[in-house]
Amino acid sequence: MTGATHSKGGLRLPMQGEVELLCGGPPCQGFSGMNRFNSREYSNFKNSLVASYLSYCDYYRPKYFILENVRNFVAFKKGMVLKLTLRALLDMGYQCTFGILQAGNYGVPQTRRRLIILAAAPGYKLPMYPEPTHVFSRRACSLTATIDGKRFVTNMKWDESAPRRTCTIRDAMSDLPSIANGANQIEIEYGSMPESHFQRLVRSKDESKKLRDHICKNMAPLIQARIARVPTTPGSDWRDLPNISVMLSDGTKCKVLQYRYEDKKNGRSSSGALRGVCACASGGACSPHDKQENTLIPWCLPHTANRHNNWAGLYGRLCWDGYFSTTVTDPEPMGKQGRVLHPEQSRVVSVRECARSQGFPDSYLFAGSVQDKHRQIGNAVPPPLGAAVGREIKKAFSISKI
């Protein structure tokens, strides 16, 4: 940061005193696996991207500073990283605060809790956190953090109400046309008028504009056969798959899953059928000979279901009147957020549907392959959440004495 005046692309870099707002979300993988609180960990923190980001703040000394990160940032090594971050800002002379915000409270059809650290330079008013504009599931709205036995609450007045109702998946994407697995046409016609306030906000006022990036991942034949057979009833997932043999799109057939063992935990089914797919279900040792391939019901799921809450949600369909789980960088039916199937169509959610789950306008363009676009969306801060925080900074700046 000392000496260089232009970027590699030829753009002039800002000088000290020219930056009014510094906003970023540095990844924290560099120190998430620390084991003990010692000098080596301080070194890890110093060399992390969080510390690099703080060094930009120290160099440019902006009027306002924002750091966004995952909610678990607060819990890293009992709050060590958060405390070091706040201490660094205080040592620079900044006023600072931290809070956890739920993106669903600001008009997106998604649960996404994020840590937001706000800081203001001396003489500038420290912003408040934005009040919720939309009600959201109370279960997803735990916005407190406990550090060193003390409970911290985000400084907002409203915690049980808001002016508007929850934004649902239907509100977000009911106007989008049907597409098939692997759809790859970058531009298509909308096919219908906006059907909700949300859709009117994200769509262009120019009705001649086409819909972009309503494309989705192309799933392998066996995975696609599973997706096609998950019922469209709300809440359906892999547990609703039929145990049958079907012809796949590549001309091969999948197999019926064989249940050969007693299940010590759950017993037999109501019809008296066995439930175990491995010797471990009846108390024995796992055997590689029990593994079954190419079955419509994935063998690995009933094999480990008792230890993982029955893998609820894997190969799960979204519900029209519900909301997205946290939008991730790769919508996979067997992934961490497995409820990624369209409510009615036989496919995973499209790039544009994921973008709408984050509140991106349809005019926003993403670059690269389908996977690249999903990654850009999953790593982003929802624009409505960012806008809400920005409005609070604008308010604070407007009443600052300087």
# chains A, B, ... in the order shown; residues from 1 in each chain; ligands from 1
$ select_by_dssp --residues "stretch 235-322 of chain A" --states "strand (DSSP E or B)" --output "list of chain:residue names"
A:Met247, A:Lys253, A:Lys255, A:Tyr261, A:Gly276, A:Thr295, A:Arg317
$ residues_around --residues "A:Ser174" --least-positions-apart "4" --cutoff "10 Å" --atoms "only C-alpha atoms" --output "VMD selection string"
chain A and resid 168 to 170 178 192 194 to 196 199 320 353
$ write_last_selection --atoms "N, CA and C atoms" --output "PDB file, in the first residue's frame"
ATOM      1  N   THR A 168     -41.743 -14.739   0.807  1.00  0.00           N
ATOM      2  CA  THR A 168     -41.697 -16.182   0.579  1.00  0.00           C
ATOM      3  C   THR A 168     -41.062 -16.521  -0.770  1.00  0.00           C
ATOM      4  N   ILE A 169     -40.818 -17.802  -0.950  1.00  0.00           N
ATOM      5  CA  ILE A 169     -40.297 -18.284  -2.232  1.00  0.00           C
ATOM      6  C   ILE A 169     -41.283 -17.980  -3.353  1.00  0.00           C
ATOM      7  N   ARG A 170     -42.575 -18.089  -3.073  1.00  0.00           N
ATOM      8  CA  ARG A 170     -43.587 -17.754  -4.084  1.00  0.00           C
ATOM      9  C   ARG A 170     -43.475 -16.283  -4.483  1.00  0.00           C
ATOM     10  N   SER A 178     -40.845 -22.253 -16.532  1.00  0.00           N
ATOM     11  CA  SER A 178     -40.332 -23.603 -16.284  1.00  0.00           C
ATOM     12  C   SER A 178     -39.116 -23.865 -17.163  1.00  0.00           C
ATOM     13  N   SER A 192     -44.474 -14.143 -18.251  1.00  0.00           N
ATOM     14  CA  SER A 192     -45.608 -13.667 -17.450  1.00  0.00           C
ATOM     15  C   SER A 192     -45.259 -12.319 -16.835  1.00  0.00           C
ATOM     16  N   PRO A 194     -45.113  -9.612 -13.546  1.00  0.00           N
ATOM     17  CA  PRO A 194     -44.794  -9.779 -12.122  1.00  0.00           C
ATOM     18  C   PRO A 194     -46.039 -10.127 -11.317  1.00  0.00           C
ATOM     19  N   GLU A 195     -45.874 -10.998 -10.333  1.00  0.00           N
ATOM     20  CA  GLU A 195     -47.009 -11.472  -9.540  1.00  0.00           C
ATOM     21  C   GLU A 195     -46.926 -11.051  -8.075  1.00  0.00           C
ATOM     22  N   SER A 196     -45.900 -10.288  -7.714  1.00  0.00           N
ATOM     23  CA  SER A 196     -45.755  -9.856  -6.321  1.00  0.00           C
ATOM     24  C   SER A 196     -44.981  -8.546  -6.279  1.00  0.00           C
ATOM     25  N   GLN A 199     -41.278  -9.144  -6.968  1.00  0.00           N
ATOM     26  CA  GLN A 199     -40.968  -9.322  -8.392  1.00  0.00           C
ATOM     27  C   GLN A 199     -40.968  -7.996  -9.134  1.00  0.00           C
ATOM     28  N   TRP A 320     -43.235 -23.467  -1.559  1.00  0.00           N
ATOM     29  CA  TRP A 320     -43.647 -22.181  -2.124  1.00  0.00           C
ATOM     30  C   TRP A 320     -43.893 -21.132  -1.040  1.00  0.00           C
ATOM     31  N   GLU A 353     -32.853 -17.949  -9.686  1.00  0.00           N
ATOM     32  CA  GLU A 353     -33.636 -18.183  -8.468  1.00  0.00           C
ATOM     33  C   GLU A 353     -32.780 -17.963  -7.223  1.00  0.00           C
TER      34      GLU A 353
END
$ residues_around --residues "stretch 142-156 of chain A" --least-positions-apart "6" --cutoff "12 Å" --atoms "only C-alpha atoms" --output "PyMOL selection string"
chain A and resi 71-83+97-103+105+111-118+126-133+136+162+392
$ residues_around --residues "A:Pro242" --least-positions-apart "5" --cutoff "12 Å" --atoms "only C-alpha atoms" --output "list in words"
Ala225, Arg226, Ile227, Ala228, Arg229, Val230, Pro231, Asp237, Lys255, Val256, Leu257, Thr295, Leu296, Ile297 and Pro298 of chain A
$ atom_distance --atom1 "atom CA of A:Cys57" --atom2 "atom CA of A:Leu90"
11.7 Å
$ select_by_dssp --residues "stretch 52-247 of chain A" --states "alpha helix (DSSP H)" --output "VMD selection string"
chain A and resid 52 to 60 80 to 91 169 to 173 197 to 202 221 to 228
$ residues_around --residues "A:Met92" --least-positions-apart "3" --cutoff "7 Å" --atoms "only C-alpha atoms" --output "list of chain:residue names"
A:Asp58, A:Ala88, A:Leu89
$ write_last_selection --atoms "N, CA and C atoms" --output "tab-separated table (two decimals), in the first residue's frame"
chain	number	residue	atom	x	y	z
A	58	ASP	N	-6.36	0.95	8.88
A	58	ASP	CA	-5.32	1.72	9.56
A	58	ASP	C	-4.64	2.69	8.59
A	88	ALA	N	-8.28	-3.90	17.84
A	88	ALA	CA	-7.50	-3.21	16.80
A	88	ALA	C	-8.18	-1.92	16.38
A	89	LEU	N	-9.51	-1.97	16.21
A	89	LEU	CA	-10.25	-0.77	15.82
A	89	LEU	C	-10.20	0.30	16.91
$ atom_distance --atom1 "atom CA of A:Lys210" --atom2 "atom CA of A:Thr232"
28.4 Å
